[in-house]
Amino acid sequence: MPTTDIITEDFVRSVAPNASAISNAQKISRTGGFVKLARSEDKTLIFGECKGSGKNPYYSSADFSGDSPVFRCSCPSRQFPCKHCLAIMFDWLAGKDFKIEEVPEDIARKRSKLEAKNNPQEDTPEKAEKKKKSALSTAKKKLKKQLEGLELAENFVKDILGRGVSSINSTSATQYNSLAKQLGDYYLPEPQAIMYKIISSAQKLSTNPDDNQINEIVSLCIRLSSTIKKSREYINSKLESGEVLPENNILYEAMGGVWKLTQLKEIGLYKENASIIQLSFAVLFDEIHKAEIDFAYWIDIDTGEIFKTKNIRPLRAMGYIKEENSSFGVHKIKELYRYPANINNRIRWESAEISEPTPDTYKAILSKTEKSIGDAVKKAKNELKNTLSGNTVAVLLPFDSVEYSVSDKKSILRYGSESIELAPDENYPDTCNVVSVLKSEFLRNASMLGELFYNPDTRKFYLCPLSVVTENNIIRLC
């Protein structure tokens, strides 16, 4: 059972909704905002009373008795956890005096309710069968609805290519946007996103568009057509077989499916007792969906697999969605869940014990690099053939040196007789510049995390650098 031993500064920062909440919490802790501090005898709960803006204090607690920490506070804040819950953990880290007391009655009652919720009584066979039939019926209706939406998306592609991509004006763009918006009613987020991208790119065309601009839109249309075809085949096969419930297929989420952790576990997409560490972190902006994405790459220290996490925060809801941040500790996770993908799976977990990395941590990471640049590029080629994959593949490459040419302003990563040029991609435009000013000691006999991508104009693969792993550090470039 977790206890207050789980509390480290890295842990507090990892659960904080944003940097502002951390700053405010540190101020409360520094100025002695809590007038009472207490803990349970088994150290699974810390709680206290904090001075607020009114005459009554706020009652705050951090509860570690379950599989995941639970934060409670009587303040009106809509952030979770609030600054008071963060502050009481900072007080704990500061070594302040927490008196041993019985668990308050209201928290004991909430604990019981939460335990009952997490461990429901098993359904009778009759109830279980009824639930299964209901789930099957709902899934079939959704799939049939998606087939209707695919017809709309297909008509969109035919119309765009029939008219010519350069013929889109403000009137037709409005009509196309309306059509793309309708697709949201058919549970097809991936085709919808590609449609919005096509419309946005077409609206940006100059009066005399060059071949690159036209080719980009045509490529998106081809991608949408391929997605429609694969989705239709996927749906029809499921309806014909009757196996309409979630399965290990990337199409399920691309077509609006929302995975529950229990479902991922049922189909074997999870790992027990995983140890991972973050290799890079960045906040990316999704112009199409008007959202910020807290995006990170992680490595499984045992297997060397490169995973990713994505925390999507629409601009209209920024204040209410927890903001992720850089993390530098080793995360030991009881159950690590992974979403379907061939490579760079998205991962998720409910709680983690965070510890400081050791020299053995870095040694383990360095031992898990790709065997050669050629093998990594081959892996990327196979993945990028899939139209539902992104445009990049994250890999960890070993290198003997990174050489920078002042004359042509290019950086070349070399490993043995192999080499690959470093280049920026659309999400990381500045990391190559950072590499060029790194100390030479960091650019010898180490490893580099980067995104491999293909440039159709030069017909070459490039590596966009994200971080450098040495024997005693992870140097982040963004």
# chains A, B, ... in the order shown; residues from 1 in each chain; ligands from 1
$ residues_around --residues "A:Ser411" --least-positions-apart "6" --cutoff "9 Å" --atoms "only C-alpha atoms" --output "PDB file with N, CA and C atoms, in the first residue's frame"
ATOM      1  N   VAL A 402      28.749  13.850 -33.498  1.00  0.00           N
ATOM      2  CA  VAL A 402      27.844  14.712 -34.260  1.00  0.00           C
ATOM      3  C   VAL A 402      28.695  15.865 -34.760  1.00  0.00           C
ATOM      4  N   GLU A 403      28.810  15.987 -36.071  1.00  0.00           N
ATOM      5  CA  GLU A 403      29.696  16.984 -36.667  1.00  0.00           C
ATOM      6  C   GLU A 403      28.882  18.114 -37.284  1.00  0.00           C
ATOM      7  N   TYR A 404      29.288  19.339 -37.001  1.00  0.00           N
ATOM      8  CA  TYR A 404      28.566  20.512 -37.515  1.00  0.00           C
ATOM      9  C   TYR A 404      29.435  21.238 -38.530  1.00  0.00           C
ATOM     10  N   SER A 405      28.839  21.480 -39.690  1.00  0.00           N
ATOM     11  CA  SER A 405      29.550  22.200 -40.739  1.00  0.00           C
ATOM     12  C   SER A 405      29.103  23.652 -40.743  1.00  0.00           C
ATOM     13  N   ILE A 420      23.570  10.095 -40.735  1.00  0.00           N
ATOM     14  CA  ILE A 420      22.264  10.653 -41.087  1.00  0.00           C
ATOM     15  C   ILE A 420      22.281  12.136 -40.749  1.00  0.00           C
ATOM     16  N   GLU A 421      21.671  12.933 -41.621  1.00  0.00           N
ATOM     17  CA  GLU A 421      21.651  14.378 -41.409  1.00  0.00           C
ATOM     18  C   GLU A 421      20.552  14.753 -40.426  1.00  0.00           C
ATOM     19  N   LEU A 422      20.857  15.703 -39.538  1.00  0.00           N
ATOM     20  CA  LEU A 422      19.867  16.224 -38.612  1.00  0.00           C
ATOM     21  C   LEU A 422      19.098  17.351 -39.291  1.00  0.00           C
ATOM     22  N   ALA A 423      17.793  17.395 -39.066  1.00  0.00           N
ATOM     23  CA  ALA A 423      16.966  18.445 -39.672  1.00  0.00           C
ATOM     24  C   ALA A 423      15.744  18.670 -38.794  1.00  0.00           C
ATOM     25  N   CYS A 432      17.740  21.606 -33.837  1.00  0.00           N
ATOM     26  CA  CYS A 432      19.026  21.487 -34.543  1.00  0.00           C
ATOM     27  C   CYS A 432      19.957  22.628 -34.161  1.00  0.00           C
ATOM     28  N   VAL A 435      21.568  21.792 -30.888  1.00  0.00           N
ATOM     29  CA  VAL A 435      22.657  20.819 -31.055  1.00  0.00           C
ATOM     30  C   VAL A 435      23.946  21.518 -31.466  1.00  0.00           C
ATOM     31  N   SER A 436      23.818  22.504 -32.338  1.00  0.00           N
ATOM     32  CA  SER A 436      25.009  23.182 -32.875  1.00  0.00           C
ATOM     33  C   SER A 436      25.790  23.944 -31.821  1.00  0.00           C
TER      34      SER A 436
END
$ select_by_dssp --residues "stretch 50-239 of chain A" --states "strand (DSSP E)" --output "PyMOL selection string"
chain A and resi 50+58-63+70-73+99-100
$ residues_around --residues "stretch 268-271 of chain A" --least-positions-apart "2" --cutoff "7 Å" --atoms "only C-alpha atoms" --output "mmCIF file with all heavy atoms, in the first residue's frame"
data_model
loop_
_atom_site.group_PDB
_atom_site.id
_atom_site.type_symbol
_atom_site.label_atom_id
_atom_site.label_comp_id
_atom_site.auth_asym_id
_atom_site.auth_seq_id
_atom_site.Cartn_x
_atom_site.Cartn_y
_atom_site.Cartn_z
ATOM 1 N N LEU A 264 -8.242 -2.300 -22.220
ATOM 2 C CA LEU A 264 -6.858 -2.511 -22.635
ATOM 3 C C LEU A 264 -6.248 -3.702 -21.909
ATOM 4 O O LEU A 264 -5.495 -4.491 -22.491
ATOM 5 C CB LEU A 264 -6.034 -1.242 -22.367
ATOM 6 C CG LEU A 264 -6.394 -0.016 -23.209
ATOM 7 C CD1 LEU A 264 -5.641 1.212 -22.703
ATOM 8 C CD2 LEU A 264 -6.076 -0.245 -24.685
ATOM 9 N N LYS A 265 -6.618 -3.832 -20.641
ATOM 10 C CA LYS A 265 -6.087 -4.951 -19.855
ATOM 11 C C LYS A 265 -6.649 -6.274 -20.353
ATOM 12 O O LYS A 265 -5.923 -7.277 -20.444
ATOM 13 C CB LYS A 265 -6.421 -4.746 -18.375
ATOM 14 C CG LYS A 265 -5.759 -5.763 -17.448
ATOM 15 C CD LYS A 265 -5.964 -5.391 -15.988
ATOM 16 C CE LYS A 265 -5.230 -6.374 -15.069
ATOM 17 N NZ LYS A 265 -5.379 -5.999 -13.641
ATOM 18 N N GLU A 266 -7.929 -6.284 -20.704
ATOM 19 C CA GLU A 266 -8.574 -7.508 -21.160
ATOM 20 C C GLU A 266 -7.924 -8.072 -22.420
ATOM 21 O O GLU A 266 -7.859 -9.284 -22.602
ATOM 22 C CB GLU A 266 -10.059 -7.253 -21.427
ATOM 23 C CG GLU A 266 -10.905 -7.164 -20.160
ATOM 24 C CD GLU A 266 -12.332 -6.711 -20.447
ATOM 25 O OE1 GLU A 266 -12.664 -6.543 -21.647
ATOM 26 O OE2 GLU A 266 -13.095 -6.519 -19.483
ATOM 27 N N ASN A 273 4.532 -3.853 -13.326
ATOM 28 C CA ASN A 273 5.826 -3.463 -12.737
ATOM 29 C C ASN A 273 6.800 -2.911 -13.784
ATOM 30 O O ASN A 273 7.920 -3.397 -13.943
ATOM 31 C CB ASN A 273 6.447 -4.656 -12.014
ATOM 32 C CG ASN A 273 5.534 -5.208 -10.924
ATOM 33 O OD1 ASN A 273 4.946 -4.439 -10.161
ATOM 34 N ND2 ASN A 273 5.408 -6.507 -10.856
ATOM 35 N N ALA A 274 6.340 -1.905 -14.514
ATOM 36 C CA ALA A 274 7.172 -1.271 -15.537
ATOM 37 C C ALA A 274 8.012 -0.155 -14.930
ATOM 38 O O ALA A 274 7.601 0.496 -13.959
ATOM 39 C CB ALA A 274 6.291 -0.711 -16.648
ATOM 40 N N GLU A 335 0.863 -0.939 -13.023
ATOM 41 C CA GLU A 335 0.229 -1.380 -14.258
ATOM 42 C C GLU A 335 0.339 -0.276 -15.300
ATOM 43 O O GLU A 335 -0.230 0.796 -15.134
ATOM 44 C CB GLU A 335 -1.245 -1.757 -14.035
ATOM 45 C CG GLU A 335 -1.431 -3.058 -13.276
ATOM 46 C CD GLU A 335 -2.881 -3.507 -13.250
ATOM 47 O OE1 GLU A 335 -3.763 -2.664 -13.477
ATOM 48 O OE2 GLU A 335 -3.127 -4.707 -13.001
ATOM 49 N N LEU A 336 1.082 -0.537 -16.364
ATOM 50 C CA LEU A 336 1.270 0.419 -17.454
ATOM 51 C C LEU A 336 0.403 -0.026 -18.629
ATOM 52 O O LEU A 336 0.545 -1.136 -19.139
ATOM 53 C CB LEU A 336 2.739 0.454 -17.877
ATOM 54 C CG LEU A 336 3.087 1.405 -19.042
ATOM 55 C CD1 LEU A 336 2.988 2.851 -18.574
ATOM 56 C CD2 LEU A 336 4.481 1.120 -19.574
ATOM 57 N N TYR A 337 -0.508 0.854 -19.049
ATOM 58 C CA TYR A 337 -1.417 0.525 -20.147
ATOM 59 C C TYR A 337 -0.897 1.148 -21.443
ATOM 60 O O TYR A 337 -0.392 2.267 -21.443
ATOM 61 C CB TYR A 337 -2.823 1.042 -19.848
ATOM 62 C CG TYR A 337 -3.400 0.477 -18.566
ATOM 63 C CD1 TYR A 337 -3.197 1.114 -17.341
ATOM 64 C CD2 TYR A 337 -4.129 -0.707 -18.577
ATOM 65 C CE1 TYR A 337 -3.711 0.594 -16.165
ATOM 66 C CE2 TYR A 337 -4.651 -1.240 -17.405
ATOM 67 C CZ TYR A 337 -4.441 -0.581 -16.206
ATOM 68 O OH TYR A 337 -4.944 -1.104 -15.038
ATOM 69 N N ARG A 338 -1.076 0.416 -22.554
ATOM 70 C CA ARG A 338 -0.603 0.910 -23.840
ATOM 71 C C ARG A 338 -1.730 0.805 -24.866
ATOM 72 O O ARG A 338 -2.467 -0.173 -24.899
ATOM 73 C CB ARG A 338 0.631 0.146 -24.302
ATOM 74 C CG ARG A 338 0.481 -1.349 -24.289
ATOM 75 C CD ARG A 338 1.807 -2.077 -24.345
ATOM 76 N NE ARG A 338 2.499 -1.850 -25.607
ATOM 77 C CZ ARG A 338 3.732 -2.261 -25.834
ATOM 78 N NH1 ARG A 338 4.407 -2.877 -24.890
ATOM 79 N NH2 ARG A 338 4.297 -2.044 -26.995
ATOM 80 N N TYR A 339 -1.833 1.836 -25.704
ATOM 81 C CA TYR A 339 -2.872 1.865 -26.725
ATOM 82 C C TYR A 339 -2.363 1.174 -27.982
ATOM 83 O O TYR A 339 -1.160 1.148 -28.250
ATOM 84 C CB TYR A 339 -3.281 3.308 -27.020
ATOM 85 C CG TYR A 339 -3.978 3.972 -25.850
ATOM 86 C CD1 TYR A 339 -3.248 4.488 -24.788
ATOM 87 C CD2 TYR A 339 -5.364 4.068 -25.813
ATOM 88 C CE1 TYR A 339 -3.885 5.085 -23.704
ATOM 89 C CE2 TYR A 339 -6.006 4.667 -24.736
ATOM 90 C CZ TYR A 339 -5.266 5.172 -23.680
ATOM 91 O OH TYR A 339 -5.895 5.754 -22.613
#
$ residues_around --residues "stretch 414-418 of chain A" --least-positions-apart "3" --cutoff "12 Å" --atoms "only C-alpha atoms" --output "list in words"
Thr369, Glu370, Lys371, Ser372, Ile373, Gly374, Asp375, Ala376, Val377, Leu397, Pro398, Phe399, Asp400, Ser401, Val402, Glu403, Tyr404, Ser411, Glu421, Leu422, Leu443, Arg444, Asn445, Ala446, Ser447, Met448 and Leu463 of chain A
$ select_by_dssp --residues "stretch 5-239 of chain A" --states "alpha helix (DSSP H)" --output "PyMOL selection string"
chain A and resi 9-15+19-30+83-93+105-118+125-163+170-182+189-203+211-239
$ closest_residue --among "A:Ile321, A:Cys464, A:Leu147, A:Ala62" --to "A:Gln79" --atoms "only C-alpha atoms"
A:Ile321
$ atom_distance --atom1 "atom CA of A:Lys55" --atom2 "atom CA of A:Pro76"
14.4 Å
$ residues_around --residues "A:Lys378" --least-positions-apart "6" --cutoff "12 Å" --atoms "only C-alpha atoms" --output "list in words"
Glu370, Lys371, Ser372, Leu384, Lys385, Val393, Val395, Leu452, Phe453, Tyr454 and Phe461 of chain A
$ atom_distance --atom1 "atom CA of A:Lys113" --atom2 "atom CA of A:Cys73"
17.2 Å
$ atom_distance --atom1 "atom CA of A:Ser355" --atom2 "atom CA of A:Val330"
5.2 Å
$ residues_around --residues "A:Asp457" --least-positions-apart "2" --cutoff "12 Å" --atoms "only C-alpha atoms" --output "PDB file with N, CA and C atoms, in the first residue's frame"
ATOM      1  N   ASP A 211       4.164  23.626 -56.865  1.00  0.00           N
ATOM      2  CA  ASP A 211       3.899  22.189 -56.860  1.00  0.00           C
ATOM      3  C   ASP A 211       3.864  21.613 -55.446  1.00  0.00           C
ATOM      4  N   ASN A 212       4.729  22.123 -54.557  1.00  0.00           N
ATOM      5  CA  ASN A 212       4.775  21.605 -53.191  1.00  0.00           C
ATOM      6  C   ASN A 212       3.456  21.804 -52.461  1.00  0.00           C
ATOM      7  N   ASN A 215       0.891  19.444 -54.036  1.00  0.00           N
ATOM      8  CA  ASN A 215       1.212  18.054 -53.694  1.00  0.00           C
ATOM      9  C   ASN A 215       0.844  17.725 -52.248  1.00  0.00           C
ATOM     10  N   GLU A 216       1.005  18.708 -51.362  1.00  0.00           N
ATOM     11  CA  GLU A 216       0.653  18.477 -49.959  1.00  0.00           C
ATOM     12  C   GLU A 216      -0.839  18.156 -49.823  1.00  0.00           C
ATOM     13  N   TYR A 454      10.610  11.400 -43.450  1.00  0.00           N
ATOM     14  CA  TYR A 454      11.001  11.320 -44.854  1.00  0.00           C
ATOM     15  C   TYR A 454      10.621  12.606 -45.566  1.00  0.00           C
ATOM     16  N   ASN A 455      11.562  13.162 -46.324  1.00  0.00           N
ATOM     17  CA  ASN A 455      11.306  14.353 -47.120  1.00  0.00           C
ATOM     18  C   ASN A 455      11.146  13.932 -48.582  1.00  0.00           C
ATOM     19  N   ARG A 459      13.939  13.046 -51.169  1.00  0.00           N
ATOM     20  CA  ARG A 459      13.880  11.586 -51.143  1.00  0.00           C
ATOM     21  C   ARG A 459      14.895  11.002 -50.152  1.00  0.00           C
ATOM     22  N   LYS A 460      14.958  11.637 -48.999  1.00  0.00           N
ATOM     23  CA  LYS A 460      15.893  11.201 -47.964  1.00  0.00           C
ATOM     24  C   LYS A 460      15.202  11.182 -46.600  1.00  0.00           C
ATOM     25  N   PHE A 461      15.727  10.335 -45.708  1.00  0.00           N
ATOM     26  CA  PHE A 461      15.290  10.341 -44.317  1.00  0.00           C
ATOM     27  C   PHE A 461      16.195  11.275 -43.516  1.00  0.00           C
TER      28      PHE A 461
END
$ residues_around --residues "stretch 298-313 of chain A" --least-positions-apart "5" --cutoff "8 Å" --atoms "only C-alpha atoms" --output "ChimeraX atom specification"
/A:274-280,291-293,318,321,323-324,343-348,361,364-365,368-369,394-396
$ closest_residue --among "A:Asp210, A:Glu247, A:Glu154, A:Asp159" --to "A:Arg232" --atoms "only C-alpha atoms"
A:Glu154
$ closest_residue --among "A:Ser172, A:Asn155, A:Gln182, A:Asn382" --to "A:Leu224" --atoms "only C-alpha atoms"
A:Asn155
$ closest_residue --among "A:Ser225, A:Val165, A:His331, A:Glu243" --to "A:Leu205" --atoms "only C-alpha atoms"
A:Val165
